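A.B. asks: The structure is given below, and queries will be raised subsequently.
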Amino acid sequence: MDSFNAELNQRLAAIREDNLYRELRRVDSPQSTRIRIDGKELLNFSSNDYLGLANEPALKEAVVKAVEMFGVGAGASRLICGSLAPNHELDEALAVFKNTEAALSFSSGYVAAMGTICALLGKDDVIVIDKLVHACLVDAARLCGAKLRVFSHNDLNELEDILKWADSVGNPASQVQSRNQVLVVTESVFSMDGDHAPLREIVELKNKRGAWLMVDEAHATGLYGANRRGVAEELGVANQIEVQMGTLGKALGGSGGFICGPRTLIDFLVNRARSFIFSTAPVPAAAAAATAGIRFVQSQSGEQRRNMLWEHVAELRGLLPLSPSQSPSAIIPIIIGDESKAVEAATALRDKHCFVPGIRYPTVALGKARLRVTVTASHNPGDLKTLADALQPIVNRKS
Ligand SMILES: *Cc1c(COP(=O)(O)O)cnc(C)c1O
């Protein structure tokens with residue numbers, strides 16, 4: 001035990017030395033625009049609860065009802081002990097919401113990515129990812145064993161070159177398999193920068209090259225498109241994306257992840273996605289919260305919240321000297337660069353009652369540390385003014 005602790009202490013010291021040490025901050029309140037930390041109330045500009053559903057009465061009521069009817073535990077994997085009705089209701093609600101043939105929910109977005117990519121690809125295949133995709137997509141790409149290629153962020157030329165290369169390495173004559181598969185993976189709205197992928201162009205490219213496409217809409221579900229399905233809906237390309245992924249833990253207010261697409265994809269995942277097969281089903285409370293979140297997003301209140309969110313984003317941007325953004329996003333990164341300076345900036349904001357996370361490596365690249373401001377529909381104009389005033393010295397020092 002002594003040598004074990006000594007080794008870990010040494011590793012922790014190295015993390016501290018690099019200004020990359022992290023610790024948990026206990027919150028003694030629900031997730032909301034105001035959170036209580038260390039006995040102090042702070043304005044919360046850190047969460048992905050974009051529509052304010054994490055503490056929404058309609059979702060809480062649905063959870064209480066589900067717990068009364070179905071209890072708290074799921075018992076086992078859905079394939080082992082029978083699959084509870086709330087999980088089916090969620091999958092059906094997801095398919096209707098996303099307008100796909102079918103959907104499958106997972107216990108998190110992370111494991112949805114792991115299970116799906118590892119089910120679809122093996123060592124004879126090629127996976128092509130954007131440089132800035134989320135860690136779960138990177139980890140899945142590594143674990144699946146396919147040849148991994150990375151294209152510079154949103155760089156269509158590089159993507160096309162890789163797809164041409166993948167064509168040339170496919171089809172080894174000796175193999176019985178007709179063709180090695182190529183899967184392109186990107187996000188519609190990038191989690192730490194808030195910018196968008198050029199989905200229309202990517203769809204065109206993968207169609208031309210016969211590749212498959214998986215799009216993670218974690219930060220877009222509930223926020224974009226006439227029916228708030230995401231950016232793919234807004235751009236009219238949803239039905240050309242083989243694998244649509246999202247999470248239930250951001251705008252939808254609960255927790256979990258999902259995959260939507262053709263019935264064949266979902267049947268295949270039930271048979272082959274190891275993180276689905278070998279993991280206890282999400283509990284009834286989680287499934288019910290997500291279903292209620294989807295219904296809320298689909299309702300008129302959902303549309304109002306979404307509109308309110310964009311009003312707040314525009315309002316905050318108007319109060320800050322930021323360069324104009326190409327595409328609307330509730331994620332506003334303020335790049336600081338140096339890791340310790342980002343931590344100092346976050347501390348200075350907390351002293352002014354604003355909770356904004358300083359994001360460092362490995363969440364973003366070394367030397368690209370930043371404050372990641374997220375705005376929600378539930379903030380009020382006074383909150384935005386308070387944040388803008390607190391941010392002013394930091395933003396001014398930068399420019
Ligand atoms: C949060 C996030 C995930 C993971 O989803 P969880 O449900 O939190 O596990 C996946 N992809 C992106 C882009 C994310 O931001």
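Following the order of the structure tokens, chains are lettered A, B, ..., residues in each are numbered from 1, and ligands are numbered from 1.
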Could you pull out the residues sitting within 10 Å of ligand 1, using only C-alpha atoms and all ligand atoms, and write them as number ranges by chain?
C.D. replies: A: 48, 106-113, 132-137, 186-192, 215-220, 245-250, 254-258
A.B. asks: Emit the selected residues as a PDB file, in the first residue's frame, including C-alpha atoms.
C.D. replies:
ATOM      1  CA  ASN A  48     -25.200  22.334 -20.288  1.00  0.00           C
ATOM      2  CA  PHE A 106     -27.884   4.115 -23.259  1.00  0.00           C
ATOM      3  CA  SER A 107     -26.911   5.000 -19.698  1.00  0.00           C
ATOM      4  CA  SER A 108     -24.734   7.860 -20.947  1.00  0.00           C
ATOM      5  CA  GLY A 109     -23.615   9.555 -24.126  1.00  0.00           C
ATOM      6  CA  TYR A 110     -20.119   8.298 -23.431  1.00  0.00           C
ATOM      7  CA  VAL A 111     -21.152   4.645 -23.517  1.00  0.00           C
ATOM      8  CA  ALA A 112     -23.503   5.231 -26.469  1.00  0.00           C
ATOM      9  CA  ALA A 113     -20.458   6.304 -28.475  1.00  0.00           C
ATOM     10  CA  LEU A 132     -11.852  18.380 -31.836  1.00  0.00           C
ATOM     11  CA  VAL A 133     -14.446  15.652 -31.271  1.00  0.00           C
ATOM     12  CA  HIS A 134     -15.349  14.707 -27.707  1.00  0.00           C
ATOM     13  CA  ALA A 135     -13.161  12.307 -25.713  1.00  0.00           C
ATOM     14  CA  CYS A 136     -15.775   9.525 -25.882  1.00  0.00           C
ATOM     15  CA  LEU A 137     -15.562   9.503 -29.687  1.00  0.00           C
ATOM     16  CA  THR A 186     -18.044  14.628 -36.115  1.00  0.00           C
ATOM     17  CA  GLU A 187     -20.087  16.800 -33.786  1.00  0.00           C
ATOM     18  CA  SER A 188     -22.672  19.272 -35.022  1.00  0.00           C
ATOM     19  CA  VAL A 189     -21.858  21.849 -32.318  1.00  0.00           C
ATOM     20  CA  PHE A 190     -18.414  21.482 -30.755  1.00  0.00           C
ATOM     21  CA  SER A 191     -18.515  21.210 -26.998  1.00  0.00           C
ATOM     22  CA  MET A 192     -15.614  23.486 -26.017  1.00  0.00           C
ATOM     23  CA  VAL A 215     -22.930  12.959 -35.996  1.00  0.00           C
ATOM     24  CA  ASP A 216     -22.940  13.692 -32.263  1.00  0.00           C
ATOM     25  CA  GLU A 217     -25.575  16.339 -31.530  1.00  0.00           C
ATOM     26  CA  ALA A 218     -24.879  16.481 -27.775  1.00  0.00           C
ATOM     27  CA  HIS A 219     -24.895  20.298 -27.748  1.00  0.00           C
ATOM     28  CA  ALA A 220     -27.544  20.750 -30.440  1.00  0.00           C
ATOM     29  CA  MET A 245     -26.134  10.448 -31.629  1.00  0.00           C
ATOM     30  CA  GLY A 246     -27.132  12.673 -28.744  1.00  0.00           C
ATOM     31  CA  THR A 247     -27.228  12.899 -24.997  1.00  0.00           C
ATOM     32  CA  LEU A 248     -30.141  13.140 -22.604  1.00  0.00           C
ATOM     33  CA  GLY A 249     -28.090  15.024 -20.031  1.00  0.00           C
ATOM     34  CA  LYS A 250     -27.749  18.429 -21.648  1.00  0.00           C
ATOM     35  CA  GLY A 254     -31.792  14.289 -17.387  1.00  0.00           C
ATOM     36  CA  SER A 255     -29.074  11.744 -17.992  1.00  0.00           C
ATOM     37  CA  GLY A 256     -28.241   9.145 -20.615  1.00  0.00           C
ATOM     38  CA  GLY A 257     -27.283   8.954 -24.253  1.00  0.00           C
ATOM     39  CA  PHE A 258     -28.966   7.792 -27.452  1.00  0.00           C
TER      40      PHE A 258
END
A.B. asks: Leaving out Val283 (chain A) and any residue of its chain fewer than 4 positions from it, which residues lie within 9 Å of it when counting only C-alpha atoms, given as a tab-separated table (two decimals) with N, CA and C atoms, in the first residue's frame?
C.D. replies:
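For reference, out.tsv as written:
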chain	number	residue	atom	x	y	z
A	71	GLY	N	-40.47	1.45	-9.38
A	71	GLY	CA	-39.40	1.30	-8.39
A	71	GLY	C	-38.13	2.03	-8.80
A	72	VAL	N	-37.04	1.73	-8.10
A	72	VAL	CA	-35.81	2.48	-8.33
A	72	VAL	C	-34.76	1.72	-9.13
A	73	GLY	N	-34.83	0.40	-9.14
A	73	GLY	CA	-33.77	-0.37	-9.80
A	73	GLY	C	-34.22	-0.96	-11.11
A	74	ALA	N	-33.26	-1.23	-12.00
A	74	ALA	CA	-33.59	-1.84	-13.29
A	74	ALA	C	-33.38	-3.35	-13.27
A	75	GLY	N	-32.67	-3.84	-12.26
A	75	GLY	CA	-32.52	-5.28	-12.10
A	75	GLY	C	-31.36	-5.91	-12.84
A	84	LEU	N	-37.86	-2.77	-19.05
A	84	LEU	CA	-38.97	-2.07	-18.40
A	84	LEU	C	-39.66	-1.06	-19.35
A	86	PRO	N	-40.69	2.02	-19.02
A	86	PRO	CA	-40.17	3.40	-19.18
A	86	PRO	C	-39.02	3.49	-20.19
A	87	ASN	N	-38.19	2.43	-20.27
A	87	ASN	CA	-37.10	2.43	-21.24
A	87	ASN	C	-37.64	2.34	-22.66
A	107	SER	N	-26.97	4.33	-21.00
A	107	SER	CA	-26.91	5.00	-19.70
A	107	SER	C	-26.14	6.31	-19.74
A	287	ALA	N	-35.03	7.10	-17.23
A	287	ALA	CA	-35.79	6.98	-18.48
A	287	ALA	C	-36.97	7.94	-18.48
A	288	ALA	N	-37.66	8.01	-17.34
A	288	ALA	CA	-38.85	8.88	-17.27
A	288	ALA	C	-38.48	10.35	-17.36
A.B. asks: Smallest atom-to-atom distance to Pro198 (chain A): which of A:Ile127, A:Asn154, A:Trp212, A:Ala273, using only C-alpha atoms?
C.D. replies: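 Using only C-alpha atoms, Pro198 (chain A) sits closest to A:Asn154.
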A.B. asks: Quick one: residues within 10 Å of Ala232 (chain A), only C-alpha atoms, excluding same-chain residues fewer than 5 positions away - as a ChimeraX atom specification?
C.D. replies: /A:188,199-200,215,217,220-221,224-225,237-241,244
A.B. asks: Taking only C-alpha atoms into account, name the residue in A:Leu163, A:Leu51, A:Val364, A:Ala66 that is nearest to Ala251 (chain A).
C.D. replies: A:Leu51
A.B. asks: Return the single residue from A:Lys147, A:Arg274, A:Arg229, A:Lys40 that is closest to Asp124 (chain A), with distances computed using only C-alpha atoms.
C.D. replies: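 Result for the nearest residue to Asp124 (chain A): A:Lys147.
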A.B. asks: Pick out the residues sitting within 12 Å of Trp165 (chain A), and hand them over as a VMD selection string; count only C-alpha atoms, and ignore anything fewer than 2 positions along from it in its own chain.
C.D. replies: chain A and resid 126 128 147 149 158 to 163 167 to 170 182 209
A.B. asks: Please provide as JSON, numbers by chain all residues within 12 Å of Asp383 (chain A), with the sequence filter that same-chain residues fewer than 3 positions apart are discarded (counting only C-alpha atoms).
C.D. replies: {"A": [33, 34, 42, 43, 44, 45, 312, 315, 316, 319, 352, 353, 354, 355, 375, 376, 377, 378, 379, 380, 386, 387, 388, 389, 390]}
A.B. asks: Which residues come within 10 Å of Arg295 (chain A), counting only C-alpha atoms, excluding same-chain residues fewer than 6 positions away, as a list in words?
C.D. replies: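 The neighbour list is Ala58, Leu59, Ala93, Leu94, Phe97, Leu252, Ala289, Ser301 and Gly302 of chain A.
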A.B. asks: Go ahead and save the picked residues with N, CA and C atoms, as a CSV table (one decimal), in the first residue's frame.
C.D. replies:
chain,number,residue,atom,x,y,z
A,58,ALA,N,-42.2,19.6,-14.4
A,58,ALA,CA,-42.8,18.5,-15.2
A,58,ALA,C,-41.9,17.3,-15.2
A,59,LEU,N,-40.7,17.5,-15.3
A,59,LEU,CA,-39.7,16.3,-15.3
A,59,LEU,C,-39.7,15.6,-13.9
A,93,ALA,N,-40.2,7.6,-27.8
A,93,ALA,CA,-40.3,9.0,-27.8
A,93,ALA,C,-39.1,9.6,-28.6
A,94,LEU,N,-37.9,9.0,-28.4
A,94,LEU,CA,-36.7,9.5,-29.1
A,94,LEU,C,-36.9,9.4,-30.6
A,97,PHE,N,-39.4,12.0,-31.8
A,97,PHE,CA,-38.8,13.3,-31.7
A,97,PHE,C,-37.8,13.5,-32.8
A,252,LEU,N,-31.8,18.2,-22.7
A,252,LEU,CA,-33.0,17.4,-22.3
A,252,LEU,C,-33.1,17.3,-20.8
A,289,ALA,N,-37.4,10.7,-16.7
A,289,ALA,CA,-36.9,12.1,-16.8
A,289,ALA,C,-36.6,12.5,-18.3
A,301,SER,N,-43.9,25.2,-24.9
A,301,SER,CA,-43.0,25.7,-23.9
A,301,SER,C,-41.5,25.5,-24.3
A,302,GLY,N,-41.3,24.3,-24.9
A,302,GLY,CA,-40.0,24.0,-25.4
A,302,GLY,C,-39.5,25.0,-26.5
A.B. asks: Under the rule that only C-alpha atoms are counted, which of A:Glu41, A:Pro321, A:Arg11, A:Phe268 is the nearest residue to Arg350 (chain A)?
C.D. replies: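 Smallest separation from Arg350 (chain A) among the options: A:Glu41.
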A.B. asks: If you measure from CA of Pro381 (chain A) to CA of Ile394 (chain A), what distance in Å do you get, rounded to one decimal?
C.D. replies: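 Rounded to one decimal, the two atoms are 20.5 Å apart.
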A.B. asks: From the DSSP assignment of the backbone, select every residue of region 189-386 of chain A that is helix (DSSP H, G or I), and format the answer as number ranges by chain.
C.D. replies: A: 199-209, 231-234, 238-240, 263-272, 274-277, 284-298, 300-319, 339-351, 381-386
A.B. asks: Please return as a PyMOL selection string: the residues of region 43-170 of chain A that backbone DSSP assigns to strand (DSSP E or B).
C.D. replies: chain A and resi 43-44+102-106+126-130+147-151
A.B. asks: Just to be explicit: take each residue in the selection above, keep N, CA, C and O atoms, and write the result as a tab-separated table (two decimals), in the first residue's frame.
C.D. replies:
chain	number	residue	atom	x	y	z
A	43	LEU	N	-23.99	32.70	-9.39
A	43	LEU	CA	-24.69	32.60	-10.67
A	43	LEU	C	-23.98	31.54	-11.50
A	43	LEU	O	-22.77	31.59	-11.67
A	44	ASN	N	-24.76	30.61	-12.03
A	44	ASN	CA	-24.19	29.44	-12.68
A	44	ASN	C	-24.12	29.62	-14.20
A	44	ASN	O	-25.15	29.64	-14.88
A	102	ALA	N	-36.12	4.31	-35.69
A	102	ALA	CA	-35.95	3.71	-34.36
A	102	ALA	C	-34.88	4.46	-33.57
A	102	ALA	O	-34.17	5.31	-34.12
A	103	ALA	N	-34.81	4.13	-32.28
A	103	ALA	CA	-33.82	4.77	-31.39
A	103	ALA	C	-33.48	3.81	-30.27
A	103	ALA	O	-34.27	2.91	-29.95
A	104	LEU	N	-32.30	3.99	-29.70
A	104	LEU	CA	-31.89	3.18	-28.55
A	104	LEU	C	-31.21	4.08	-27.53
A	104	LEU	O	-30.29	4.84	-27.87
A	105	SER	N	-31.67	3.99	-26.28
A	105	SER	CA	-31.06	4.80	-25.23
A	105	SER	C	-29.99	4.00	-24.49
A	105	SER	O	-30.09	2.77	-24.39
A	106	PHE	N	-29.00	4.70	-24.01
A	106	PHE	CA	-27.88	4.11	-23.26
A	106	PHE	C	-27.80	4.85	-21.92
A	106	PHE	O	-28.40	5.92	-21.75
A	126	VAL	N	-11.99	1.73	-41.42
A	126	VAL	CA	-11.30	3.01	-41.23
A	126	VAL	C	-12.25	3.96	-40.51
A	126	VAL	O	-13.44	4.05	-40.86
A	127	ILE	N	-11.76	4.65	-39.49
A	127	ILE	CA	-12.56	5.67	-38.82
A	127	ILE	C	-11.86	7.01	-38.97
A	127	ILE	O	-10.65	7.12	-38.79
A	128	VAL	N	-12.64	8.02	-39.34
A	128	VAL	CA	-12.09	9.34	-39.63
A	128	VAL	C	-12.79	10.35	-38.72
A	128	VAL	O	-14.02	10.50	-38.80
A	129	ILE	N	-12.03	11.00	-37.84
A	129	ILE	CA	-12.66	11.90	-36.88
A	129	ILE	C	-12.09	13.32	-36.99
A	129	ILE	O	-10.94	13.51	-37.36
A	130	ASP	N	-12.94	14.29	-36.66
A	130	ASP	CA	-12.48	15.68	-36.56
A	130	ASP	C	-11.55	15.79	-35.35
A	130	ASP	O	-11.75	15.15	-34.32
A	147	LYS	N	-8.48	1.48	-38.45
A	147	LYS	CA	-7.43	2.47	-38.71
A	147	LYS	C	-8.01	3.84	-38.41
A	147	LYS	O	-9.07	4.21	-38.93
A	148	LEU	N	-7.28	4.60	-37.59
A	148	LEU	CA	-7.79	5.91	-37.16
A	148	LEU	C	-7.09	7.03	-37.91
A	148	LEU	O	-5.86	7.09	-37.95
A	149	ARG	N	-7.86	7.90	-38.53
A	149	ARG	CA	-7.31	9.09	-39.18
A	149	ARG	C	-8.03	10.31	-38.63
A	149	ARG	O	-9.24	10.29	-38.42
A	150	VAL	N	-7.27	11.39	-38.40
A	150	VAL	CA	-7.84	12.62	-37.82
A	150	VAL	C	-7.69	13.74	-38.82
A	150	VAL	O	-6.61	13.93	-39.39
A	151	PHE	N	-8.78	14.48	-39.09
A	151	PHE	CA	-8.65	15.66	-39.96
A	151	PHE	C	-8.70	16.93	-39.12
A	151	PHE	O	-9.36	16.98	-38.08
A.B. asks: Would you mind telling me which residue in A:Thr374, A:Gln298, A:Gln392, A:Asn180 lies nearest to Ser47 (chain A) when using only C-alpha atoms?
C.D. replies: A:Thr374
A.B. asks: For Ile332 (chain A), list every protein, DNA or RNA residue within 9 Å, evaluated using only C-alpha atoms, and leave out those in the same chain fewer than 2 positions away; present the list as JSON, numbers by chain.
C.D. replies: {"A": [192, 193, 194, 313, 317, 329, 330, 334, 371, 372, 373, 374, 375]}
A.B. asks: What would the file look like if the residues just selected were written as an mmCIF file, in the first residue's frame with N, CA and C atoms?
C.D. replies:
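selection-v1.cif, freshly written:
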data_model
loop_
_atom_site.group_PDB
_atom_site.id
_atom_site.type_symbol
_atom_site.label_atom_id
_atom_site.label_comp_id
_atom_site.auth_asym_id
_atom_site.auth_seq_id
_atom_site.Cartn_x
_atom_site.Cartn_y
_atom_site.Cartn_z
ATOM 1 N N MET A 192 -16.473 22.528 -26.725
ATOM 2 C CA MET A 192 -15.614 23.486 -26.017
ATOM 3 C C MET A 192 -15.401 24.773 -26.806
ATOM 4 N N ASP A 193 -15.873 24.815 -28.049
ATOM 5 C CA ASP A 193 -15.728 26.019 -28.875
ATOM 6 C C ASP A 193 -17.066 26.599 -29.305
ATOM 7 N N GLY A 194 -18.082 25.760 -29.336
ATOM 8 C CA GLY A 194 -19.413 26.232 -29.693
ATOM 9 C C GLY A 194 -19.613 26.458 -31.178
ATOM 10 N N VAL A 313 -28.386 34.620 -25.445
ATOM 11 C CA VAL A 313 -27.064 34.534 -26.068
ATOM 12 C C VAL A 313 -26.750 35.857 -26.770
ATOM 13 N N ARG A 317 -23.729 38.472 -25.750
ATOM 14 C CA ARG A 317 -22.710 38.810 -26.756
ATOM 15 C C ARG A 317 -22.678 40.316 -26.993
ATOM 16 N N SER A 329 -24.578 29.862 -30.821
ATOM 17 C CA SER A 329 -24.248 28.807 -29.875
ATOM 18 C C SER A 329 -24.365 29.325 -28.459
ATOM 19 N N ALA A 330 -24.830 28.463 -27.567
ATOM 20 C CA ALA A 330 -24.947 28.836 -26.164
ATOM 21 C C ALA A 330 -23.622 28.670 -25.446
ATOM 22 N N ILE A 334 -13.958 31.848 -23.926
ATOM 23 C CA ILE A 334 -13.064 33.002 -23.849
ATOM 24 C C ILE A 334 -11.658 32.432 -23.658
ATOM 25 N N LEU A 371 -12.023 30.092 -20.456
ATOM 26 C CA LEU A 371 -13.255 30.124 -19.680
ATOM 27 C C LEU A 371 -14.342 29.648 -20.636
ATOM 28 N N ARG A 372 -15.171 28.732 -20.174
ATOM 29 C CA ARG A 372 -16.269 28.269 -21.019
ATOM 30 C C ARG A 372 -17.576 28.751 -20.393
ATOM 31 N N VAL A 373 -18.119 29.790 -21.002
ATOM 32 C CA VAL A 373 -19.373 30.365 -20.521
ATOM 33 C C VAL A 373 -20.522 29.654 -21.230
ATOM 34 N N THR A 374 -21.487 29.170 -20.465
ATOM 35 C CA THR A 374 -22.712 28.684 -21.095
ATOM 36 C C THR A 374 -23.892 29.498 -20.568
ATOM 37 N N VAL A 375 -24.727 29.890 -21.506
ATOM 38 C CA VAL A 375 -25.915 30.681 -21.194
ATOM 39 C C VAL A 375 -27.112 29.742 -21.257
#
A.B. asks: Please indicate the distance in Å from CA of Arg36 (chain A) to CA of Pro284 (chain A), rounded to one decimal place.
C.D. replies: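 About the pair CA of Arg36 (chain A) and CA of Pro284 (chain A): they are 28.2 Å apart.
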A.B. asks: Nearest to Ala369 (chain A): which of A:Thr347, A:Ser279, A:Ser340, A:Asn157 is it, counting only C-alpha atoms?
C.D. replies: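 Closest residue, counting only C-alpha atoms: A:Ser340.
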